[in-house]
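The structure appears below as structure tokens.
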Amino acid sequence: MKDPISLTTVKHESESFPPNGSKKRILVAPLNWGLGHATRCIPIIHALIKFGFEPVIASDGQALSLLEKEFPDLLCLSLPSYKITYATKASFFKLQIIFQLPQIYRAIRAEQQHIKSWITQYGFSGIISDNRLGVYSSTIPSIFMTHQLRILSGSTSWWSTKIHQYFIRKFQECWVPDSETKENLSGKLGHLDSSSLNLKYLGALSRFHKKAVVQQYDLMVLLSGPEPQRTLLETKLNTELKRFEGSILLVQGIIEKEQRISTRFNKTVYNYMTSEELELALNQSALILCRSGYTTIMDLAHLGKKAFFIPTPGQYEQEYLARELDRKGLVPHCKQDRFRIEELSRTGSYQGLKKQNTPILWKDLFSPFQSKRKF
């Protein structure tokens, strides 16, 4: 891949001009921060295709690699990376993010340069940005998607929330992938007492469907998230899983060119799975051990699964979601440094996650892209 700052496609160079057909091109741009932002865009991309639009994907890193594998026939573009990394120690998490703010801001400015050029070059009729703060335009409908109307950052939560909402206001609408009712998944992250933001609640998004299949695994371990915490958790779990007597499926969450599969004793390991493979594996697993990322929570709720959460150390959002779902008696959780395999026995006294019944009204959501008024 070429320099991500240059205006170049990842593939399909011949399609770098406005389409001649009647289909409107919609740019779908998820943030590359773990894989959750990319995976929850998958049902949106499928819906755009179903309703006669031509989605174009833009991201960087593993998020872009995953979507390239999922949609090999779609035009894919490279955006500048935010280059977000986590601290090894939870106590340094916020400080490391603060140190990275200048590079994040530079990436946002570079995103804006890309968008200004791409709108003419590729003939976009609309934008859906999943937490990419610079992917918007004043000339075409631009949608921001997030479950974080509040950004939890400890003592600085008020400031981080105000900054985030400042960027959200640059978009025509803000989609929240959750129910607006009290029976929601995001809690205070995605629900405000009052707001002037133009909010639309979609209901929980998931690329998966519940299937009646025979159980194959007693435990599925689903790893994800930025380094180094992904590797630190995998290292810890490899030690703890030696004492687990049932069948184990471990998905490392590492998107590579080739899929790798290995089996040793009671444990099968994949470096990554496609959506179709992951859907089947989740349905075949009795219990899921994973991070408490919001997209993962939506997926597990859609499938009605029992789970155990280990939030990423120092990440306020995941820690909050894990505490809330534990408090509600849905999913137990434990801090990473305190986890022992025996903790999994606690899941028996928890309800597990349940599917929301909020229908997603795609036709209404996509109506801004059919509008003829200028922005």
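To be explicit about the labels: the chains of the structure tokens are called A, B, and onward in the order shown, and within each one the residues are counted from 1, while ligands get numbers from 1 in the order they are shown.
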
Open item on the list: Considering only helix (DSSP H, G or I) as DSSP defines it on the backbone, what residues of range 102-165 of chain A qualify? List them as a PyMOL selection string.
Closed with: chain A and resi 102-123+154-165

- [ ] Write out as a PyMOL selection string which residues come within 12 Å of Val213 in chain A when counting only C-alpha atoms, dropping same-chain ones fewer than 2 positions away.
- [x] chain A and resi 209-211+215-217+279-286

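Atom to atom, CA of Gln103 in chain A and CA of Glu256 in chain A stand 25.7 Å apart.
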
Open item on the list: Can you tell me which residues surround range 129-143 of chain A at a distance of at most 9 Å, considering only C-alpha atoms, apart from same-chain residues fewer than 5 positions away, and format the answer as JSON, numbers by chain?
Closed with: {"A": [27, 28, 29, 30, 31, 32, 37, 38, 40, 41, 59, 105, 107, 108, 109, 110, 111, 112, 113, 114, 115, 116, 119, 124, 164, 167, 168, 170, 171, 172, 173, 174, 175, 368, 369, 371, 374, 375]}

Open item on the list: Excluding range 244-255 of chain A and its own-chain neighbours fewer than 5 positions away, which residues fall within 7 Å of it when counting only C-alpha atoms? Please give them as a ChimeraX atom specification.
Closed with: /A:62,65-66,217-224,266-272,341

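Closest approach to Ala307 in chain A among A:Arg230, A:Arg340, A:Arg327, A:Arg346: A:Arg346, based on only C-alpha atoms.
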
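Compared by their closest atoms to Gln318 in chain A, and using only C-alpha atoms, the residues A:Leu152, A:Leu344, A:Val56, A:Asp364 rank with A:Leu152 nearest.
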